[in-house]
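Shown here: run-v7.txt, compact mmCIF, C-alpha atoms.
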```txt
# COMPACT_ATOMS: atom_id res chain seq x y z
CA MET A 78 0.90 -9.74 23.14
CA ARG A 79 2.49 -12.88 21.70
CA VAL A 80 3.74 -11.03 18.65
CA TYR A 81 5.80 -8.68 20.83
CA TRP A 82 7.43 -11.56 22.71
CA LYS A 83 8.31 -13.15 19.37
CA TRP A 84 9.91 -9.88 18.31
CA VAL A 85 11.95 -9.73 21.54
CA ILE A 86 13.11 -13.35 21.18
CA LYS A 87 14.07 -12.82 17.54
CA SER A 88 16.09 -9.77 18.59
CA VAL A 89 18.35 -11.85 20.86
CA PRO A 90 20.80 -12.76 18.02
CA SER A 91 21.23 -9.06 17.23
CA LEU A 92 22.01 -8.39 20.88
CA GLY A 93 24.49 -11.30 20.98
CA LEU A 94 26.26 -10.13 17.82
CA GLY A 95 26.43 -6.59 19.20
CA LEU A 96 28.04 -7.89 22.41
CA LEU A 97 30.50 -9.90 20.31
CA MET A 98 31.50 -6.73 18.48
CA LEU A 99 31.92 -4.94 21.81
CA ALA A 100 33.97 -7.79 23.25
CA SER A 101 36.43 -7.55 20.37
CA THR A 102 37.20 -3.93 21.26
CA VAL A 103 37.63 -4.19 25.06
CA THR A 104 39.33 -6.66 27.39
CA PRO A 105 39.01 -7.53 31.09
CA ARG A 106 42.79 -8.21 31.39
CA GLN A 107 46.06 -8.10 29.49
CA ALA A 108 46.30 -10.67 26.72
CA GLY A 109 47.52 -11.10 23.17
CA SER A 110 44.03 -10.33 21.85
CA ASN A 111 40.73 -9.26 23.36
CA VAL A 112 39.14 -12.50 22.22
CA VAL A 113 41.67 -14.60 24.15
CA ALA A 114 41.25 -12.36 27.19
CA TRP A 115 37.51 -12.99 27.25
CA LEU A 116 38.01 -16.74 26.83
CA ILE A 117 40.41 -16.76 29.81
CA TYR A 118 37.96 -14.61 31.78
CA PHE A 119 35.27 -17.26 31.31
CA GLY A 120 37.63 -20.09 32.30
CA ILE A 121 38.85 -21.28 28.90
CA GLU A 122 42.62 -21.38 29.37
CA ASN A 123 43.74 -23.44 26.37
CA ALA A 124 42.73 -21.13 23.53
CA PRO A 125 44.18 -21.90 20.07
CA PRO A 126 47.41 -19.94 19.44
CA TRP A 127 46.05 -18.22 16.35
CA LEU A 128 43.42 -16.48 18.50
CA ALA A 129 46.22 -14.63 20.33
CA ASN A 130 47.02 -12.65 17.17
CA LYS A 131 45.79 -9.05 17.43
CA SER A 132 44.21 -9.30 13.95
CA THR A 133 41.70 -11.77 15.44
CA ASP A 134 39.93 -8.85 17.12
CA THR A 135 39.46 -7.10 13.79
CA TRP A 136 38.14 -10.26 12.13
CA VAL A 137 35.73 -10.95 14.99
CA PHE A 138 34.47 -7.36 14.96
CA TRP A 139 33.70 -7.36 11.24
CA ILE A 140 32.19 -10.84 11.31
CA GLY A 141 29.96 -9.71 14.17
CA PHE A 142 29.09 -6.50 12.31
CA ALA A 143 28.18 -8.38 9.12
CA GLY A 144 26.08 -10.88 11.07
CA PHE A 145 24.33 -8.04 12.92
CA CYS A 146 23.45 -6.27 9.65
CA VAL A 147 22.22 -9.43 7.94
CA TRP A 148 20.01 -10.42 10.85
CA ALA A 149 18.68 -6.88 11.30
CA ILE A 150 17.69 -6.74 7.63
CA HIS A 151 16.05 -10.15 7.92
CA LEU A 152 14.18 -9.22 11.08
CA TYR A 153 13.19 -5.59 10.62
CA VAL A 154 13.35 -4.64 6.95
CA ARG A 155 12.12 -7.73 5.07
CA PRO A 156 8.64 -7.85 6.73
CA ASN A 157 8.06 -4.21 5.78
CA LEU A 158 8.73 -5.07 2.12
CA ARG A 159 6.15 -7.83 2.12
CA THR A 160 3.33 -7.18 -0.30
CA GLY A 161 -0.12 -6.79 1.17
CA LYS A 162 -3.28 -8.69 0.25
CA LEU A 163 -5.28 -5.70 -0.99
CA SER A 164 -4.54 -4.12 -4.36
CA VAL A 165 -6.11 -1.72 -6.87
CA MET A 166 -6.50 -2.61 -10.54
CA ILE A 167 -7.77 -0.96 -13.70
CA ARG A 168 -8.41 -2.73 -17.01
CA GLU A 169 -10.01 -1.78 -20.28
CA GLY A 170 -13.69 -2.37 -20.97
CA GLU A 171 -16.60 -3.01 -18.64
CA PRO A 172 -17.08 -2.90 -15.75
CA TRP A 173 -13.98 -0.68 -15.37
CA VAL A 174 -15.53 1.75 -17.84
CA GLN A 175 -19.28 1.36 -18.05
CA VAL A 176 -21.29 3.31 -20.61
CA ASP A 177 -25.01 4.03 -20.24
CA PRO A 178 -27.46 6.45 -21.84
CA GLY A 179 -27.56 9.64 -19.80
CA ILE A 180 -29.37 12.97 -19.55
CA ASP A 181 -27.90 16.23 -18.30
CA GLN A 182 -30.79 17.55 -16.23
CA LEU A 183 -28.99 20.74 -15.22
CA GLN A 184 -29.42 22.18 -18.69
CA ALA A 185 -32.55 24.23 -19.42
CA ALA A 186 -33.29 21.84 -22.23
CA HIS A 187 -32.38 18.38 -20.97
CA THR A 188 -29.46 17.11 -23.05
CA SER A 189 -29.21 13.45 -23.95
CA GLY A 190 -25.89 11.74 -24.31
CA TRP A 191 -23.72 8.97 -22.96
CA LEU A 192 -22.56 8.61 -19.35
CA TYR A 193 -19.21 6.88 -18.79
CA THR A 194 -18.44 5.64 -15.28
CA TYR A 195 -14.75 5.04 -14.55
CA ARG A 196 -14.04 2.49 -11.82
CA ILE A 197 -11.25 0.80 -9.93
CA ALA A 198 -11.31 -2.83 -8.81
CA LEU A 199 -10.29 -3.85 -5.29
CA VAL A 200 -8.58 -7.24 -5.45
CA ASN A 201 -8.12 -9.48 -2.41
CA SER A 202 -5.31 -11.97 -3.10
CA ASP A 203 -5.71 -13.74 0.23
CA ASP A 204 -8.00 -16.64 1.10
CA SER A 205 -9.75 -14.75 3.90
CA THR A 206 -12.16 -11.82 3.74
CA LEU A 207 -10.91 -8.28 4.33
CA ARG A 208 -13.48 -6.56 6.52
CA ASN A 209 -14.65 -2.96 6.79
CA VAL A 210 -12.68 -1.70 3.82
CA GLU A 211 -12.87 2.04 3.15
CA VAL A 212 -11.87 3.76 -0.09
CA LYS A 213 -11.07 7.48 -0.04
CA LEU A 214 -9.91 10.10 -2.48
CA THR A 215 -6.74 11.51 -0.92
CA SER A 216 -5.45 13.77 -3.67
CA LEU A 217 -6.54 15.40 -6.93
CA GLU A 218 -3.89 17.53 -8.62
CA ASN A 219 -5.04 20.65 -10.51
CA LYS A 220 -8.36 20.56 -8.69
CA PRO A 221 -10.59 23.66 -9.06
CA GLN A 222 -11.07 25.99 -6.11
CA ASN A 223 -14.64 24.86 -5.39
CA PHE A 224 -13.68 21.19 -5.15
CA HIS A 225 -14.23 19.82 -1.62
CA ALA A 226 -14.16 16.03 -2.04
CA ILE A 227 -10.57 15.41 -0.89
CA GLY A 228 -10.72 12.94 2.00
CA SER A 229 -14.21 11.77 1.06
CA HIS A 230 -15.28 8.18 0.50
CA LEU A 231 -15.78 7.00 -3.05
CA LYS A 232 -19.02 5.42 -4.18
CA LEU A 233 -19.40 1.65 -4.27
CA ARG A 234 -20.61 0.33 -7.64
CA HIS A 235 -24.42 0.43 -7.95
CA ASP A 236 -24.72 1.63 -4.33
CA ARG A 237 -27.72 3.84 -3.58
CA VAL A 238 -27.52 4.20 0.20
CA GLY A 239 -24.11 5.83 0.65
CA THR A 240 -22.15 2.82 1.94
CA THR A 241 -18.73 3.89 3.27
CA ASN A 242 -17.27 0.52 4.33
CA PHE A 243 -17.71 -3.00 3.05
CA ASN A 244 -16.10 -6.44 2.98
CA VAL A 245 -13.81 -7.59 0.18
CA HIS A 246 -14.01 -11.35 -0.29
CA PRO A 247 -11.15 -13.35 -1.84
CA THR A 248 -10.81 -12.67 -5.57
CA ILE A 249 -10.95 -16.00 -7.41
CA ASP A 250 -11.84 -15.15 -11.00
CA PRO A 251 -8.64 -14.82 -13.12
CA GLN A 252 -10.34 -11.94 -14.98
CA PHE A 253 -11.10 -10.23 -11.62
CA MET A 254 -14.80 -9.94 -12.40
CA ASP A 255 -15.59 -10.94 -8.80
CA ALA A 256 -13.56 -8.05 -7.39
CA ILE A 257 -15.22 -5.13 -5.62
CA PHE A 258 -15.69 -2.17 -7.97
CA VAL A 259 -15.65 1.43 -6.80
CA ASP A 260 -16.70 4.41 -8.94
CA VAL A 261 -14.18 7.24 -9.31
CA PHE A 262 -15.21 9.50 -12.21
CA SER A 263 -18.43 10.15 -14.09
CA PHE A 264 -17.96 11.55 -17.60
CA PHE A 265 -20.91 12.79 -19.67
CA LEU A 266 -20.56 13.17 -23.42
CA GLY A 267 -23.36 14.95 -25.27
CA PRO A 268 -23.90 16.16 -28.80
CA ALA A 269 -21.50 18.56 -30.56
CA GLY A 270 -18.68 17.79 -28.14
CA TYR A 271 -20.57 18.96 -25.02
CA SER A 272 -19.19 17.17 -21.94
CA PHE A 273 -18.69 17.43 -18.20
CA LEU A 274 -16.83 15.51 -15.49
CA SER A 275 -17.46 14.81 -11.82
CA VAL A 276 -15.91 12.75 -9.04
CA THR A 277 -18.23 10.08 -7.60
CA SER A 278 -17.55 10.80 -3.95
CA LEU A 279 -19.88 10.69 -0.95
CA PRO A 280 -22.10 12.43 -0.11
CA GLU A 281 -23.22 12.82 -3.69
CA ASP A 282 -24.46 16.39 -3.21
CA ILE A 283 -20.85 17.65 -3.07
CA ASN A 284 -20.05 16.18 -6.50
CA ARG A 285 -19.78 19.48 -8.32
CA ARG A 286 -18.73 19.33 -11.91
CA ILE A 287 -15.11 19.97 -12.68
CA PRO A 288 -13.49 20.90 -16.01
CA VAL A 289 -12.67 18.01 -18.31
CA ASP A 290 -8.91 18.14 -17.92
CA LYS A 291 -5.91 15.97 -17.02
CA TYR A 292 -5.90 15.02 -13.34
CA ASP A 293 -3.43 13.09 -11.22
CA VAL A 294 -5.41 11.14 -8.66
CA LYS A 295 -4.41 9.34 -5.49
CA ILE A 296 -6.77 6.84 -3.83
CA MET A 297 -6.27 4.92 -0.60
CA ALA A 298 -8.09 1.73 0.46
CA THR A 299 -7.75 0.43 4.03
CA SER A 300 -9.25 -2.48 5.99
CA GLU A 301 -9.94 -2.79 9.70
CA ASN A 302 -6.80 -4.89 10.27
CA GLY A 303 -4.51 -2.40 8.55
CA GLU A 304 -4.27 -3.80 5.02
CA MET A 305 -3.66 -0.83 2.75
CA ALA A 306 -3.44 -0.12 -0.96
CA ILE A 307 -2.42 3.28 -2.32
CA ALA A 308 -2.91 3.91 -6.02
CA GLU A 309 -1.67 6.86 -8.05
CA MET A 310 -3.66 7.25 -11.26
CA ALA A 311 -4.16 9.65 -14.13
CA PHE A 312 -7.33 10.80 -15.87
CA ILE A 313 -6.31 11.90 -19.37
CA PRO A 314 -8.67 13.47 -21.94
CA ARG A 315 -8.05 12.42 -25.54
CA PRO A 316 -9.21 14.15 -28.74
CA ASP A 317 -11.93 12.28 -30.62
CA GLN A 318 -11.91 9.51 -27.96
CA ILE A 319 -13.24 9.02 -24.48
CA PRO A 320 -10.75 9.90 -21.71
CA ASP A 321 -8.19 7.38 -20.51
CA PHE A 322 -7.97 6.35 -16.85
CA ARG A 323 -4.85 4.42 -15.86
CA VAL A 324 -2.80 3.34 -12.85
CA LEU A 325 0.61 4.98 -12.67
CA LYS A 326 1.79 3.39 -9.42
CA MET A 327 0.26 1.05 -6.88
CA GLN A 328 1.62 0.14 -3.44
CA SER A 329 0.20 -2.58 -1.22
CA PHE A 330 1.01 -2.84 2.49
CA PRO A 331 0.28 -5.78 4.83
CA GLY A 332 -1.85 -5.38 7.90
CA ALA A 333 -1.66 -6.90 11.35
CA THR A 334 -1.28 -10.68 11.48
CA SER A 335 -3.70 -12.93 13.27
CA SER A 336 -1.10 -13.57 15.97
CA SER A 337 -1.35 -9.96 17.13
CA SER A 338 -5.00 -10.30 18.11
```
Reformat the file's structure so that it appears as structure tokens.
Amino acid sequence: MRVYWKWVIKSVPSLGLGLLMLASTVTPRQAGSNVVAWLIYFGIENAPPWLANKSTDTWVFWIGFAGFCVWAIHLYVRPNLRTGKLSVMIREGEPWVQVDPGIDQLQAAHTSGWLYTYRIALVNSDDSTLRNVEVKLTSLENKPQNFHAIGSHLKLRHDRVGTTNFNVHPTIDPQFMDAIFVDVFSFFLGPAGYSFLSVTSLPEDINRRIPVDKYDVKIMATSENGEMAIAEMAFIPRPDQIPDFRVLKMQSFPGATSSSS
């Protein structure tokens, strides 16, 4: 509860500035200006003569209004613009794109080729561990009708047990190789241009193949204390090259502070 009391105490200047604005527009008695009237009301008889000018009320009102706005922005807006600790990153090369020999076992004659796994990295820029982080696919534009993975968890790198939440320790390596990697797409490339694509969501039995096409993807990662990262990405096929997977926009939001616990 301490965080709420801090919020109330920090709101007192806004209340005081609001009352100052109100005082400049009303008066408890007749006087040259409302400001002087309030000073006399509170027992201050020898007010400076320049305060008796009616323009003083206008100046006081706008000074109070400006102070109110500045403090409100400082108190309410600035914390919401603070960048969170959790972010999503994509770079070229492994392990963001890992290539392994693969076999398409759904074909009557098993087809050999190369399996490309496209991943995102979860980066923790803080010095404390983010606990119980979940990563979900929240949107896939141009998805086929039989695609049912929206809202599903994405697969943790090399995970074989279907883990849906995990801890993200502070990222120290400047190359981000100690980040947590999460699989997003699996792209198989066989002989004579044969290929297929699937989303690596959980459970794995719903990962039906989808056409190799351009997709706009949105992924959300959240921790138990409210840290959140939302990434908008694009999967883009390219002729005579493997597809490109890039971040278009990434937003990071802070969670609850330790003082709220």
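Excluding Lys295 of chain A itself and any same-chain residue fewer than 5 positions from it, the protein and nucleic acid residues within 9 Å of it, counting only C-alpha atoms, are Lys213, Leu214, Thr215, Ser216, Leu217, Glu218, Ile307, Ala308, Glu309, Met310 and Ala311 of chain A.
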Restricting the calculation to all atoms listed in the file, which member of A:Gly144, A:Pro331, A:Gly161, A:Pro172 is positioned closest to Ala256 of chain A? A:Pro172
What is the distance between atom CA of Trp191 of chain A and atom CA of Gly239 of chain A, in Å to one decimal? 23.8 Å
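Picture a line from atom CA of Thr248 of chain A to atom CA of Ser278 of chain A; it runs 24.5 Å.
If you look at atom CA of Gly179 of chain A and atom CA of Phe243 of chain A, they are 27.9 Å away from each other.
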If you count only C-alpha atoms, which residues fall within 12 Å of segment 203-210 of chain A, apart from same-chain ones fewer than 3 positions away, as a ChimeraX atom specification? /A:160-164,199-200,213,230-231,233,240-249,256-257,259,297-306,331-333,335
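For the residues A:Pro316, A:Pro280, A:Gly190, A:Gly228, ranking by smallest atom-to-atom distance to Val176 of chain A using all atoms listed in the file places A:Gly190 first.
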Counting only C-alpha atoms, the residue of A:Met166, A:Asp260, A:Pro90, A:Trp173 that sits nearest Gly141 of chain A: A:Pro90
Got a sec to write segment 250-293 of chain A of the block to a file, N, CA and C atoms, as a PDB file, in the first residue's frame?
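Written output follows (decode.pdb):
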```pdb
ATOM      1  N   ASP A 250      25.860 -10.403 -21.946  1.00  0.00           N
ATOM      2  CA  ASP A 250      26.678 -10.469 -23.152  1.00  0.00           C
ATOM      3  C   ASP A 250      26.300  -9.340 -24.122  1.00  0.00           C
ATOM      4  N   PRO A 251      27.262  -8.526 -24.567  1.00  0.00           N
ATOM      5  CA  PRO A 251      26.933  -7.440 -25.511  1.00  0.00           C
ATOM      6  C   PRO A 251      26.393  -7.933 -26.844  1.00  0.00           C
ATOM      7  N   GLN A 252      26.638  -9.208 -27.173  1.00  0.00           N
ATOM      8  CA  GLN A 252      26.099  -9.799 -28.404  1.00  0.00           C
ATOM      9  C   GLN A 252      24.767 -10.512 -28.155  1.00  0.00           C
ATOM     10  N   PHE A 253      24.292 -10.472 -26.900  1.00  0.00           N
ATOM     11  CA  PHE A 253      22.989 -11.025 -26.503  1.00  0.00           C
ATOM     12  C   PHE A 253      22.901 -12.540 -26.664  1.00  0.00           C
ATOM     13  N   MET A 254      24.043 -13.203 -26.648  1.00  0.00           N
ATOM     14  CA  MET A 254      24.020 -14.657 -26.786  1.00  0.00           C
ATOM     15  C   MET A 254      23.515 -15.346 -25.532  1.00  0.00           C
ATOM     16  N   ASP A 255      23.450 -14.621 -24.398  1.00  0.00           N
ATOM     17  CA  ASP A 255      22.916 -15.207 -23.173  1.00  0.00           C
ATOM     18  C   ASP A 255      21.447 -14.850 -22.971  1.00  0.00           C
ATOM     19  N   ALA A 256      20.804 -14.300 -23.987  1.00  0.00           N
ATOM     20  CA  ALA A 256      19.375 -14.021 -23.915  1.00  0.00           C
ATOM     21  C   ALA A 256      18.588 -15.329 -23.992  1.00  0.00           C
ATOM     22  N   ILE A 257      17.299 -15.237 -23.725  1.00  0.00           N
ATOM     23  CA  ILE A 257      16.422 -16.399 -23.864  1.00  0.00           C
ATOM     24  C   ILE A 257      15.839 -16.387 -25.278  1.00  0.00           C
ATOM     25  N   PHE A 258      15.999 -17.512 -25.983  1.00  0.00           N
ATOM     26  CA  PHE A 258      15.546 -17.591 -27.373  1.00  0.00           C
ATOM     27  C   PHE A 258      14.257 -18.399 -27.466  1.00  0.00           C
ATOM     28  N   VAL A 259      13.335 -17.876 -28.258  1.00  0.00           N
ATOM     29  CA  VAL A 259      12.023 -18.503 -28.431  1.00  0.00           C
ATOM     30  C   VAL A 259      11.781 -18.712 -29.921  1.00  0.00           C
ATOM     31  N   ASP A 260      11.406 -19.952 -30.295  1.00  0.00           N
ATOM     32  CA  ASP A 260      11.132 -20.268 -31.693  1.00  0.00           C
ATOM     33  C   ASP A 260       9.806 -19.646 -32.135  1.00  0.00           C
ATOM     34  N   VAL A 261       9.785 -19.154 -33.378  1.00  0.00           N
ATOM     35  CA  VAL A 261       8.563 -18.565 -33.933  1.00  0.00           C
ATOM     36  C   VAL A 261       8.115 -19.300 -35.193  1.00  0.00           C
ATOM     37  N   PHE A 262       9.007 -19.444 -36.165  1.00  0.00           N
ATOM     38  CA  PHE A 262       8.676 -20.110 -37.419  1.00  0.00           C
ATOM     39  C   PHE A 262       9.639 -21.255 -37.685  1.00  0.00           C
ATOM     40  N   SER A 263       9.123 -22.266 -38.371  1.00  0.00           N
ATOM     41  CA  SER A 263       9.945 -23.364 -38.871  1.00  0.00           C
ATOM     42  C   SER A 263       9.735 -23.438 -40.380  1.00  0.00           C
ATOM     43  N   PHE A 264      10.821 -23.267 -41.122  1.00  0.00           N
ATOM     44  CA  PHE A 264      10.753 -23.224 -42.592  1.00  0.00           C
ATOM     45  C   PHE A 264      11.583 -24.366 -43.164  1.00  0.00           C
ATOM     46  N   PHE A 265      10.924 -25.227 -43.954  1.00  0.00           N
ATOM     47  CA  PHE A 265      11.616 -26.372 -44.561  1.00  0.00           C
ATOM     48  C   PHE A 265      11.815 -26.094 -46.042  1.00  0.00           C
ATOM     49  N   LEU A 266      13.048 -26.290 -46.488  1.00  0.00           N
ATOM     50  CA  LEU A 266      13.391 -26.087 -47.892  1.00  0.00           C
ATOM     51  C   LEU A 266      13.961 -27.380 -48.450  1.00  0.00           C
ATOM     52  N   GLY A 267      13.236 -27.973 -49.403  1.00  0.00           N
ATOM     53  CA  GLY A 267      13.667 -29.224 -50.010  1.00  0.00           C
ATOM     54  C   GLY A 267      14.177 -29.027 -51.427  1.00  0.00           C
ATOM     55  N   PRO A 268      14.348 -30.106 -52.130  1.00  0.00           N
ATOM     56  CA  PRO A 268      14.867 -30.013 -53.500  1.00  0.00           C
ATOM     57  C   PRO A 268      13.821 -29.423 -54.448  1.00  0.00           C
ATOM     58  N   ALA A 269      14.302 -28.840 -55.537  1.00  0.00           N
ATOM     59  CA  ALA A 269      13.454 -28.302 -56.614  1.00  0.00           C
ATOM     60  C   ALA A 269      12.478 -27.250 -56.102  1.00  0.00           C
ATOM     61  N   GLY A 270      12.885 -26.495 -55.081  1.00  0.00           N
ATOM     62  CA  GLY A 270      12.050 -25.406 -54.592  1.00  0.00           C
ATOM     63  C   GLY A 270      10.913 -25.821 -53.689  1.00  0.00           C
ATOM     64  N   TYR A 271      10.811 -27.120 -53.333  1.00  0.00           N
ATOM     65  CA  TYR A 271       9.752 -27.573 -52.431  1.00  0.00           C
ATOM     66  C   TYR A 271       9.985 -26.989 -51.040  1.00  0.00           C
ATOM     67  N   SER A 272       8.932 -26.439 -50.423  1.00  0.00           N
ATOM     68  CA  SER A 272       9.089 -25.821 -49.107  1.00  0.00           C
ATOM     69  C   SER A 272       7.751 -25.816 -48.371  1.00  0.00           C
ATOM     70  N   PHE A 273       7.832 -25.663 -47.058  1.00  0.00           N
ATOM     71  CA  PHE A 273       6.624 -25.448 -46.254  1.00  0.00           C
ATOM     72  C   PHE A 273       7.008 -24.626 -45.027  1.00  0.00           C
ATOM     73  N   LEU A 274       5.983 -24.072 -44.372  1.00  0.00           N
ATOM     74  CA  LEU A 274       6.177 -23.186 -43.227  1.00  0.00           C
ATOM     75  C   LEU A 274       5.198 -23.565 -42.131  1.00  0.00           C
ATOM     76  N   SER A 275       5.645 -23.447 -40.879  1.00  0.00           N
ATOM     77  CA  SER A 275       4.752 -23.663 -39.745  1.00  0.00           C
ATOM     78  C   SER A 275       5.162 -22.742 -38.603  1.00  0.00           C
ATOM     79  N   VAL A 276       4.194 -22.467 -37.733  1.00  0.00           N
ATOM     80  CA  VAL A 276       4.443 -21.660 -36.535  1.00  0.00           C
ATOM     81  C   VAL A 276       4.742 -22.607 -35.382  1.00  0.00           C
ATOM     82  N   THR A 277       5.796 -22.319 -34.623  1.00  0.00           N
ATOM     83  CA  THR A 277       6.232 -23.230 -33.552  1.00  0.00           C
ATOM     84  C   THR A 277       5.522 -22.895 -32.248  1.00  0.00           C
ATOM     85  N   SER A 278       4.214 -23.087 -32.237  1.00  0.00           N
ATOM     86  CA  SER A 278       3.413 -22.810 -31.054  1.00  0.00           C
ATOM     87  C   SER A 278       3.153 -24.093 -30.282  1.00  0.00           C
ATOM     88  N   LEU A 279       2.624 -23.926 -29.070  1.00  0.00           N
ATOM     89  CA  LEU A 279       2.290 -25.062 -28.213  1.00  0.00           C
ATOM     90  C   LEU A 279       0.766 -25.161 -28.058  1.00  0.00           C
ATOM     91  N   PRO A 280       0.234 -26.385 -28.003  1.00  0.00           N
ATOM     92  CA  PRO A 280       0.923 -27.670 -28.187  1.00  0.00           C
ATOM     93  C   PRO A 280       1.326 -27.866 -29.644  1.00  0.00           C
ATOM     94  N   GLU A 281       2.347 -28.667 -29.852  1.00  0.00           N
ATOM     95  CA  GLU A 281       2.925 -28.813 -31.182  1.00  0.00           C
ATOM     96  C   GLU A 281       1.988 -29.502 -32.172  1.00  0.00           C
ATOM     97  N   ASP A 282       0.979 -30.230 -31.670  1.00  0.00           N
ATOM     98  CA  ASP A 282       0.097 -30.939 -32.604  1.00  0.00           C
ATOM     99  C   ASP A 282      -0.857 -30.013 -33.355  1.00  0.00           C
ATOM    100  N   ILE A 283      -0.915 -28.714 -32.958  1.00  0.00           N
ATOM    101  CA  ILE A 283      -1.765 -27.782 -33.700  1.00  0.00           C
ATOM    102  C   ILE A 283      -0.961 -26.998 -34.739  1.00  0.00           C
ATOM    103  N   ASN A 284       0.325 -27.317 -34.879  1.00  0.00           N
ATOM    104  CA  ASN A 284       1.188 -26.586 -35.801  1.00  0.00           C
ATOM    105  C   ASN A 284       0.988 -27.082 -37.232  1.00  0.00           C
ATOM    106  N   ARG A 285      -0.179 -26.776 -37.773  1.00  0.00           N
ATOM    107  CA  ARG A 285      -0.428 -27.154 -39.158  1.00  0.00           C
ATOM    108  C   ARG A 285       0.389 -26.263 -40.087  1.00  0.00           C
ATOM    109  N   ARG A 286       0.738 -26.820 -41.208  1.00  0.00           N
ATOM    110  CA  ARG A 286       1.525 -26.065 -42.168  1.00  0.00           C
ATOM    111  C   ARG A 286       0.677 -24.956 -42.787  1.00  0.00           C
ATOM    112  N   ILE A 287       1.332 -23.849 -43.027  1.00  0.00           N
ATOM    113  CA  ILE A 287       0.666 -22.718 -43.659  1.00  0.00           C
ATOM    114  C   ILE A 287       1.434 -22.354 -44.927  1.00  0.00           C
ATOM    115  N   PRO A 288       0.789 -21.708 -45.877  1.00  0.00           N
ATOM    116  CA  PRO A 288       1.489 -21.351 -47.120  1.00  0.00           C
ATOM    117  C   PRO A 288       2.703 -20.470 -46.839  1.00  0.00           C
ATOM    118  N   VAL A 289       3.733 -20.645 -47.617  1.00  0.00           N
ATOM    119  CA  VAL A 289       4.915 -19.784 -47.509  1.00  0.00           C
ATOM    120  C   VAL A 289       4.540 -18.448 -48.151  1.00  0.00           C
ATOM    121  N   ASP A 290       4.268 -17.478 -47.322  1.00  0.00           N
ATOM    122  CA  ASP A 290       3.760 -16.190 -47.783  1.00  0.00           C
ATOM    123  C   ASP A 290       4.243 -15.104 -46.833  1.00  0.00           C
ATOM    124  N   LYS A 291       3.939 -13.860 -47.145  1.00  0.00           N
ATOM    125  CA  LYS A 291       4.292 -12.747 -46.257  1.00  0.00           C
ATOM    126  C   LYS A 291       3.279 -12.684 -45.124  1.00  0.00           C
ATOM    127  N   TYR A 292       3.780 -12.606 -43.890  1.00  0.00           N
ATOM    128  CA  TYR A 292       2.922 -12.537 -42.716  1.00  0.00           C
ATOM    129  C   TYR A 292       3.390 -11.409 -41.800  1.00  0.00           C
ATOM    130  N   ASP A 293       2.423 -10.640 -41.318  1.00  0.00           N
ATOM    131  CA  ASP A 293       2.684  -9.672 -40.252  1.00  0.00           C
ATOM    132  C   ASP A 293       2.343 -10.339 -38.936  1.00  0.00           C
TER     133      ASP A 293
END
```
